[in-house]
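To start, the structure itself, in structure tokens.
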Amino acid sequence: MFFDMSDKQSLTTKVYNHIRDGILDGTYPIGGYLVETRLADEMDVSRTPVREALKQLELEGLVDSIPNRGMRVQGITDGDLDDIHTIRLLLEGQAAWWAAQRIDQEHLDRLAEILELMELYTRRNDVSQLAKLDSAFHDVIYDAARSRMLKHVLTSLHQNARRGRRSSLTAPSRPHYSFQEHQAIFRALEKHCPEEAKAAMEQHIANACAKEETE
């Protein structure tokens, strides 16, 4: 069995996550075709959850349907990443502003735990782990902002920007400065200072995007 069936996610969700991750990390390259039967065999599932997952991915623009050929991978292009950077610059600061007003101790404790791990993996220069921790850090802030709509939009954007974020963290000294930026965001949230949290977040996103663009 390909998937851990003790996981409470639906089978379609697991299949969707697997295919989406494969598209975003390049396992399924842009311009390639996804064939239902092959995917079903690959994941040891029936074609039904594969078909449903592909429909969802088509709605998100990650694949498009080509008559008599199947689903072609659209993926995330450099132009898409530029758009994502701009939108994140506009919205991440607002998320930090609301989080500073609404965050509770549970969320602060979780952010502190993530920062401890970030410090460890920054010393090790482990880009893979740092990218995962960056996602976790921002996810906590989206949750603390207590806006369902903003969380939905930013979570999707953050996932789709995965390739760019990993590229950014491979730049010399970027992990060190990224860690400092996350610390600054945390301090502002801990003080419940919206203006400072917004400014720190916007600086972090701007710096990260600038590094991605120079790679």
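Simple scheme: letters A, B, ... for chains in structure tokens order, numbers from 1 for residues in each chain, numbers from 1 for ligands in the order shown.
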
So which residues touch segment 22-28 of chain A within 10 Å, counting only C-alpha atoms, skipping near sequence neighbours fewer than 6 positions away, as number ranges by chain?
A: 16, 34, 57, 62-63, 72-76, 159-163

Just to be explicit: take each residue in the selection above, keep all heavy atoms, and write the result as a compact mmCIF listing (two decimals), in the first residue's frame.
# COMPACT_ATOMS: atom_id res chain seq x y z
N TYR A 16 -4.07 13.86 -4.16
CA TYR A 16 -3.91 15.27 -4.58
C TYR A 16 -2.60 15.83 -4.06
O TYR A 16 -1.83 16.45 -4.81
CB TYR A 16 -5.09 16.10 -4.07
CG TYR A 16 -4.84 17.58 -4.04
CD1 TYR A 16 -4.96 18.36 -5.18
CD2 TYR A 16 -4.48 18.21 -2.84
CE1 TYR A 16 -4.70 19.72 -5.15
CE2 TYR A 16 -4.22 19.56 -2.80
CZ TYR A 16 -4.34 20.32 -3.96
OH TYR A 16 -4.07 21.67 -3.92
N LEU A 34 0.26 13.85 -17.41
CA LEU A 34 -0.12 12.97 -16.31
C LEU A 34 -1.22 12.05 -16.80
O LEU A 34 -2.30 12.51 -17.20
CB LEU A 34 -0.60 13.79 -15.11
CG LEU A 34 0.43 14.78 -14.53
CD1 LEU A 34 -0.21 15.59 -13.41
CD2 LEU A 34 1.66 14.03 -14.01
N LEU A 57 -6.56 19.98 -9.30
CA LEU A 57 -5.33 20.61 -9.76
C LEU A 57 -5.57 21.46 -11.00
O LEU A 57 -4.93 22.50 -11.19
CB LEU A 57 -4.27 19.54 -10.05
CG LEU A 57 -3.73 18.83 -8.80
CD1 LEU A 57 -2.98 17.56 -9.19
CD2 LEU A 57 -2.81 19.76 -8.01
N LEU A 62 -2.61 24.20 -12.05
CA LEU A 62 -1.35 23.47 -12.06
C LEU A 62 -1.28 22.46 -13.20
O LEU A 62 -0.18 22.02 -13.58
CB LEU A 62 -1.13 22.76 -10.71
CG LEU A 62 -0.86 23.69 -9.53
CD1 LEU A 62 -0.72 22.90 -8.24
CD2 LEU A 62 0.41 24.52 -9.77
N VAL A 63 -2.44 22.06 -13.74
CA VAL A 63 -2.49 21.22 -14.93
C VAL A 63 -3.59 21.76 -15.84
O VAL A 63 -4.47 22.49 -15.40
CB VAL A 63 -2.78 19.73 -14.60
CG1 VAL A 63 -1.72 19.16 -13.67
CG2 VAL A 63 -4.16 19.57 -13.98
N ARG A 72 -1.87 18.02 -18.96
CA ARG A 72 -0.51 18.53 -19.14
C ARG A 72 -0.12 19.37 -17.94
O ARG A 72 -0.91 20.18 -17.45
CB ARG A 72 -0.43 19.37 -20.41
CG ARG A 72 0.96 19.95 -20.70
CD ARG A 72 0.98 20.67 -22.03
NE ARG A 72 0.03 21.78 -22.03
CZ ARG A 72 -0.28 22.49 -23.11
NH1 ARG A 72 0.25 22.17 -24.28
NH2 ARG A 72 -1.15 23.49 -23.04
N VAL A 73 1.08 19.19 -17.46
CA VAL A 73 1.57 19.93 -16.29
C VAL A 73 1.85 21.38 -16.67
O VAL A 73 2.63 21.65 -17.58
CB VAL A 73 2.84 19.27 -15.72
CG1 VAL A 73 3.39 20.10 -14.56
CG2 VAL A 73 2.56 17.84 -15.29
N GLN A 74 1.20 22.28 -15.97
CA GLN A 74 1.46 23.71 -16.12
C GLN A 74 2.52 24.16 -15.11
O GLN A 74 3.38 24.96 -15.41
CB GLN A 74 0.17 24.51 -15.88
CG GLN A 74 -0.88 24.34 -16.94
CD GLN A 74 -0.58 25.20 -18.16
OE1 GLN A 74 0.24 24.85 -19.00
NE2 GLN A 74 -1.26 26.32 -18.25
N GLY A 75 2.39 23.64 -13.88
CA GLY A 75 3.35 23.97 -12.85
C GLY A 75 3.35 25.44 -12.48
O GLY A 75 2.40 26.16 -12.74
N ILE A 76 4.46 25.87 -11.87
CA ILE A 76 4.64 27.25 -11.48
C ILE A 76 5.81 27.81 -12.27
O ILE A 76 6.95 27.38 -12.12
CB ILE A 76 4.94 27.37 -9.97
CG1 ILE A 76 3.78 26.78 -9.15
CG2 ILE A 76 5.16 28.82 -9.57
CD1 ILE A 76 2.46 27.50 -9.31
N GLN A 159 2.73 27.46 -0.55
CA GLN A 159 3.02 26.14 -1.09
C GLN A 159 3.53 26.24 -2.52
O GLN A 159 4.50 25.58 -2.90
CB GLN A 159 1.77 25.26 -1.04
CG GLN A 159 1.36 24.85 0.36
CD GLN A 159 0.00 24.18 0.39
OE1 GLN A 159 -0.78 24.28 -0.56
NE2 GLN A 159 -0.29 23.47 1.47
N ASN A 160 2.89 27.09 -3.30
CA ASN A 160 3.27 27.22 -4.72
C ASN A 160 4.62 27.90 -4.92
O ASN A 160 5.23 27.75 -5.97
CB ASN A 160 2.19 27.97 -5.49
CG ASN A 160 0.91 27.16 -5.65
OD1 ASN A 160 0.91 25.94 -5.46
ND2 ASN A 160 -0.17 27.82 -5.99
N ALA A 161 5.06 28.63 -3.90
CA ALA A 161 6.36 29.32 -4.00
C ALA A 161 7.50 28.45 -3.48
O ALA A 161 8.63 28.94 -3.33
CB ALA A 161 6.31 30.62 -3.21
N ARG A 162 7.24 27.17 -3.27
CA ARG A 162 8.23 26.28 -2.65
C ARG A 162 9.57 26.30 -3.38
O ARG A 162 10.63 26.40 -2.77
CB ARG A 162 7.68 24.86 -2.61
CG ARG A 162 8.61 23.86 -1.96
CD ARG A 162 8.03 22.47 -2.06
NE ARG A 162 6.65 22.43 -1.59
CZ ARG A 162 5.87 21.37 -1.72
NH1 ARG A 162 6.31 20.29 -2.32
NH2 ARG A 162 4.63 21.39 -1.27
N ARG A 163 9.54 26.20 -4.70
CA ARG A 163 10.78 26.16 -5.48
C ARG A 163 11.61 27.41 -5.25
O ARG A 163 12.83 27.35 -5.06
CB ARG A 163 10.46 25.99 -6.96
CG ARG A 163 11.68 26.08 -7.87
CD ARG A 163 11.34 25.64 -9.29
NE ARG A 163 10.32 26.46 -9.91
CZ ARG A 163 10.57 27.58 -10.57
NH1 ARG A 163 11.82 28.01 -10.67
NH2 ARG A 163 9.60 28.27 -11.14

Can you tell me, as a VMD selection string, which residues in segment 63-208 of chain A count as helix (DSSP H, G or I) by DSSP?
chain A and resid 78 to 102 105 to 124 127 to 145 148 to 160 162 to 169 174 to 190 194 to 208

Saved selection, atoms kept: C-alpha atoms, as a JSON list (two decimals), in the first residue's frame:
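Wrote again_33.json, looks like this:
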[["chain", "number", "residue", "atom", "x", "y", "z"],
["A", 78, "ASP", "CA", 9.00, 32.18, -13.27],
["A", 79, "GLY", "CA", 6.21, 34.61, -14.18],
["A", 80, "ASP", "CA", 3.92, 32.94, -11.67],
["A", 81, "LEU", "CA", 6.61, 33.28, -9.00],
["A", 82, "ASP", "CA", 6.90, 37.00, -9.73],
["A", 83, "ASP", "CA", 3.14, 37.35, -9.24],
["A", 84, "ILE", "CA", 3.28, 35.29, -6.04],
["A", 85, "HIS", "CA", 6.03, 37.54, -4.66],
["A", 86, "THR", "CA", 3.98, 40.68, -5.31],
["A", 87, "ILE", "CA", 0.81, 39.24, -3.77],
["A", 88, "ARG", "CA", 2.69, 37.95, -0.73],
["A", 89, "LEU", "CA", 4.23, 41.38, -0.19],
["A", 90, "LEU", "CA", 0.72, 42.82, -0.10],
["A", 91, "LEU", "CA", -0.86, 40.18, 2.14],
["A", 92, "GLU", "CA", 1.79, 38.74, 4.48],
["A", 93, "GLY", "CA", 2.14, 42.03, 6.31],
["A", 94, "GLN", "CA", -1.60, 42.10, 6.97],
["A", 95, "ALA", "CA", -1.44, 38.56, 8.34],
["A", 96, "ALA", "CA", 1.33, 39.61, 10.72],
["A", 97, "TRP", "CA", -0.64, 42.72, 11.75],
["A", 98, "TRP", "CA", -3.70, 40.67, 12.67],
["A", 99, "ALA", "CA", -1.60, 37.97, 14.30],
["A", 100, "ALA", "CA", 0.06, 40.55, 16.56],
["A", 101, "GLN", "CA", -3.38, 41.64, 17.73],
["A", 102, "ARG", "CA", -4.88, 38.17, 18.11],
["A", 105, "GLN", "CA", 0.34, 31.92, 24.14],
["A", 106, "GLU", "CA", -0.13, 28.56, 22.44],
["A", 107, "HIS", "CA", 0.79, 30.03, 19.07],
["A", 108, "LEU", "CA", 3.71, 31.96, 20.57],
["A", 109, "ASP", "CA", 5.04, 28.78, 22.17],
["A", 110, "ARG", "CA", 4.80, 26.98, 18.83],
["A", 111, "LEU", "CA", 6.70, 29.78, 17.08],
["A", 112, "ALA", "CA", 9.39, 29.67, 19.78],
["A", 113, "GLU", "CA", 9.80, 25.91, 19.21],
["A", 114, "ILE", "CA", 10.14, 26.43, 15.47],
["A", 115, "LEU", "CA", 12.76, 29.16, 16.02],
["A", 116, "GLU", "CA", 14.83, 26.81, 18.18],
["A", 117, "LEU", "CA", 14.85, 24.28, 15.36],
["A", 118, "MET", "CA", 15.61, 27.00, 12.82],
["A", 119, "GLU", "CA", 18.66, 28.01, 14.84],
["A", 120, "LEU", "CA", 19.87, 24.40, 14.86],
["A", 121, "TYR", "CA", 19.40, 23.82, 11.13],
["A", 122, "THR", "CA", 20.80, 27.27, 10.27],
["A", 123, "ARG", "CA", 24.06, 26.24, 11.94],
["A", 124, "ARG", "CA", 23.95, 23.03, 9.91],
["A", 127, "VAL", "CA", 18.22, 24.03, 3.40],
["A", 128, "SER", "CA", 15.65, 21.23, 3.18],
["A", 129, "GLN", "CA", 14.77, 21.40, 6.88],
["A", 130, "LEU", "CA", 14.84, 25.20, 6.91],
["A", 131, "ALA", "CA", 12.34, 25.35, 4.04],
["A", 132, "LYS", "CA", 9.98, 23.08, 5.99],
["A", 133, "LEU", "CA", 10.39, 25.15, 9.15],
["A", 134, "ASP", "CA", 9.79, 28.37, 7.22],
["A", 135, "SER", "CA", 6.48, 26.93, 6.02],
["A", 136, "ALA", "CA", 5.58, 25.87, 9.56],
["A", 137, "PHE", "CA", 6.45, 29.33, 10.96],
["A", 138, "HIS", "CA", 4.24, 31.13, 8.46],
["A", 139, "ASP", "CA", 1.43, 28.60, 8.89],
["A", 140, "VAL", "CA", 1.30, 29.40, 12.62],
["A", 141, "ILE", "CA", 1.06, 33.11, 11.83],
["A", 142, "TYR", "CA", -1.73, 32.54, 9.31],
["A", 143, "ASP", "CA", -3.59, 30.55, 11.95],
["A", 144, "ALA", "CA", -2.97, 33.17, 14.64],
["A", 145, "ALA", "CA", -4.33, 35.92, 12.36],
["A", 148, "ARG", "CA", -10.06, 31.96, 7.21],
["A", 149, "MET", "CA", -9.91, 33.70, 3.85],
["A", 150, "LEU", "CA", -6.43, 35.13, 4.30],
["A", 151, "LYS", "CA", -5.12, 31.82, 5.61],
["A", 152, "HIS", "CA", -6.51, 29.98, 2.57],
["A", 153, "VAL", "CA", -4.95, 32.39, 0.07],
["A", 154, "LEU", "CA", -1.55, 32.66, 1.75],
["A", 155, "THR", "CA", -1.23, 28.93, 2.44],
["A", 156, "SER", "CA", -1.79, 28.23, -1.25],
["A", 157, "LEU", "CA", 0.69, 30.92, -2.31],
["A", 158, "HIS", "CA", 3.30, 29.71, 0.16],
["A", 159, "GLN", "CA", 3.02, 26.14, -1.09],
["A", 160, "ASN", "CA", 3.27, 27.22, -4.72],
["A", 162, "ARG", "CA", 8.23, 26.28, -2.65],
["A", 163, "ARG", "CA", 10.78, 26.16, -5.48],
["A", 164, "GLY", "CA", 11.67, 29.82, -5.06],
["A", 165, "ARG", "CA", 12.00, 29.60, -1.29],
["A", 166, "ARG", "CA", 14.44, 26.68, -1.51],
["A", 167, "SER", "CA", 16.43, 28.61, -4.11],
["A", 168, "SER", "CA", 16.56, 31.66, -1.84],
["A", 169, "LEU", "CA", 17.90, 29.64, 1.09],
["A", 174, "ARG", "CA", 20.73, 33.79, 3.41],
["A", 175, "PRO", "CA", 19.82, 31.16, 6.06],
["A", 176, "HIS", "CA", 21.53, 33.30, 8.74],
["A", 177, "TYR", "CA", 19.71, 36.49, 7.75],
["A", 178, "SER", "CA", 16.43, 34.64, 7.28],
["A", 179, "PHE", "CA", 16.70, 33.34, 10.85],
["A", 180, "GLN", "CA", 17.28, 36.86, 12.14],
["A", 181, "GLU", "CA", 14.24, 38.07, 10.23],
["A", 182, "HIS", "CA", 12.07, 35.33, 11.74],
["A", 183, "GLN", "CA", 13.34, 36.34, 15.18],
["A", 184, "ALA", "CA", 12.33, 39.96, 14.53],
["A", 185, "ILE", "CA", 8.84, 38.88, 13.48],
["A", 186, "PHE", "CA", 8.51, 36.76, 16.61],
["A", 187, "ARG", "CA", 9.61, 39.57, 18.93],
["A", 188, "ALA", "CA", 7.00, 41.88, 17.41],
["A", 189, "LEU", "CA", 4.27, 39.27, 17.80],
["A", 190, "GLU", "CA", 5.35, 38.57, 21.37],
["A", 194, "PRO", "CA", 1.00, 45.22, 14.84],
["A", 195, "GLU", "CA", 3.05, 47.97, 13.21],
["A", 196, "GLU", "CA", 6.36, 46.31, 14.08],
["A", 197, "ALA", "CA", 5.11, 42.85, 13.09],
["A", 198, "LYS", "CA", 3.88, 44.11, 9.72],
["A", 199, "ALA", "CA", 7.15, 45.93, 8.99],
["A", 200, "ALA", "CA", 9.27, 42.93, 10.01],
["A", 201, "MET", "CA", 7.21, 40.55, 7.90],
["A", 202, "GLU", "CA", 7.30, 42.80, 4.84],
["A", 203, "GLN", "CA", 11.07, 43.16, 5.16],
["A", 204, "HIS", "CA", 11.43, 39.38, 5.42],
["A", 205, "ILE", "CA", 9.32, 38.73, 2.31],
["A", 206, "ALA", "CA", 11.10, 41.47, 0.34],
["A", 207, "ASN", "CA", 14.53, 40.07, 1.24],
["A", 208, "ALA", "CA", 13.52, 36.50, 0.42]]

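If only C-alpha atoms are the atoms counted, then among A:Glu58, A:Ala53, A:Asp104, A:Met71 the closest residue to Ser10 of chain A is A:Ala53.
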
DSSP on the backbone, strand (DSSP E) only: what residues of chain A does that give? Format it as a ChimeraX atom specification.
/A:33-34,63-66,70-73

Saved selection, atoms kept: N, CA, C and O atoms, as an mmCIF file, in the first residue's frame:
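Result written to part17.cif:
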data_model
loop_
_atom_site.group_PDB
_atom_site.id
_atom_site.type_symbol
_atom_site.label_atom_id
_atom_site.label_comp_id
_atom_site.auth_asym_id
_atom_site.auth_seq_id
_atom_site.Cartn_x
_atom_site.Cartn_y
_atom_site.Cartn_z
ATOM 1 N N TYR A 33 2.970 15.077 -19.351
ATOM 2 C CA TYR A 33 1.577 14.668 -19.250
ATOM 3 C C TYR A 33 1.386 13.696 -18.086
ATOM 4 O O TYR A 33 2.249 12.850 -17.816
ATOM 5 N N LEU A 34 0.262 13.855 -17.411
ATOM 6 C CA LEU A 34 -0.123 12.972 -16.311
ATOM 7 C C LEU A 34 -1.224 12.048 -16.798
ATOM 8 O O LEU A 34 -2.296 12.513 -17.197
ATOM 9 N N VAL A 63 -2.438 22.063 -13.739
ATOM 10 C CA VAL A 63 -2.490 21.219 -14.935
ATOM 11 C C VAL A 63 -3.590 21.758 -15.840
ATOM 12 O O VAL A 63 -4.472 22.486 -15.397
ATOM 13 N N ASP A 64 -3.517 21.412 -17.126
ATOM 14 C CA ASP A 64 -4.629 21.737 -18.006
ATOM 15 C C ASP A 64 -4.937 20.534 -18.894
ATOM 16 O O ASP A 64 -4.064 19.712 -19.183
ATOM 17 N N SER A 65 -6.189 20.414 -19.282
ATOM 18 C CA SER A 65 -6.659 19.260 -20.042
ATOM 19 C C SER A 65 -6.430 19.483 -21.526
ATOM 20 O O SER A 65 -6.870 20.485 -22.095
ATOM 21 N N ILE A 66 -5.754 18.526 -22.163
ATOM 22 C CA ILE A 66 -5.506 18.573 -23.602
ATOM 23 C C ILE A 66 -6.293 17.424 -24.244
ATOM 24 O O ILE A 66 -6.055 16.254 -23.910
ATOM 25 N N GLY A 70 -4.604 14.018 -22.428
ATOM 26 C CA GLY A 70 -4.619 13.922 -20.976
ATOM 27 C C GLY A 70 -4.332 15.253 -20.318
ATOM 28 O O GLY A 70 -4.533 16.315 -20.916
ATOM 29 N N MET A 71 -3.832 15.190 -19.118
ATOM 30 C CA MET A 71 -3.549 16.396 -18.343
ATOM 31 C C MET A 71 -2.083 16.790 -18.496
ATOM 32 O O MET A 71 -1.180 16.017 -18.191
ATOM 33 N N ARG A 72 -1.866 18.017 -18.964
ATOM 34 C CA ARG A 72 -0.508 18.528 -19.143
ATOM 35 C C ARG A 72 -0.119 19.372 -17.936
ATOM 36 O O ARG A 72 -0.906 20.181 -17.445
ATOM 37 N N VAL A 73 1.084 19.194 -17.464
ATOM 38 C CA VAL A 73 1.569 19.928 -16.292
ATOM 39 C C VAL A 73 1.854 21.379 -16.666
ATOM 40 O O VAL A 73 2.631 21.655 -17.578
#

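In this structure, atom CA of Lys191 of chain A sits 20.3 Å away from atom CA of Ser147 of chain A.
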
Rank A:Val35, A:Cys193, A:Ala210, A:Leu54 by their smallest atom-to-atom distance to Ile19 of chain A, using only C-alpha atoms, and report the top residue only.
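When distances to Ile19 of chain A are compared using only C-alpha atoms, the smallest one comes from A:Leu54.
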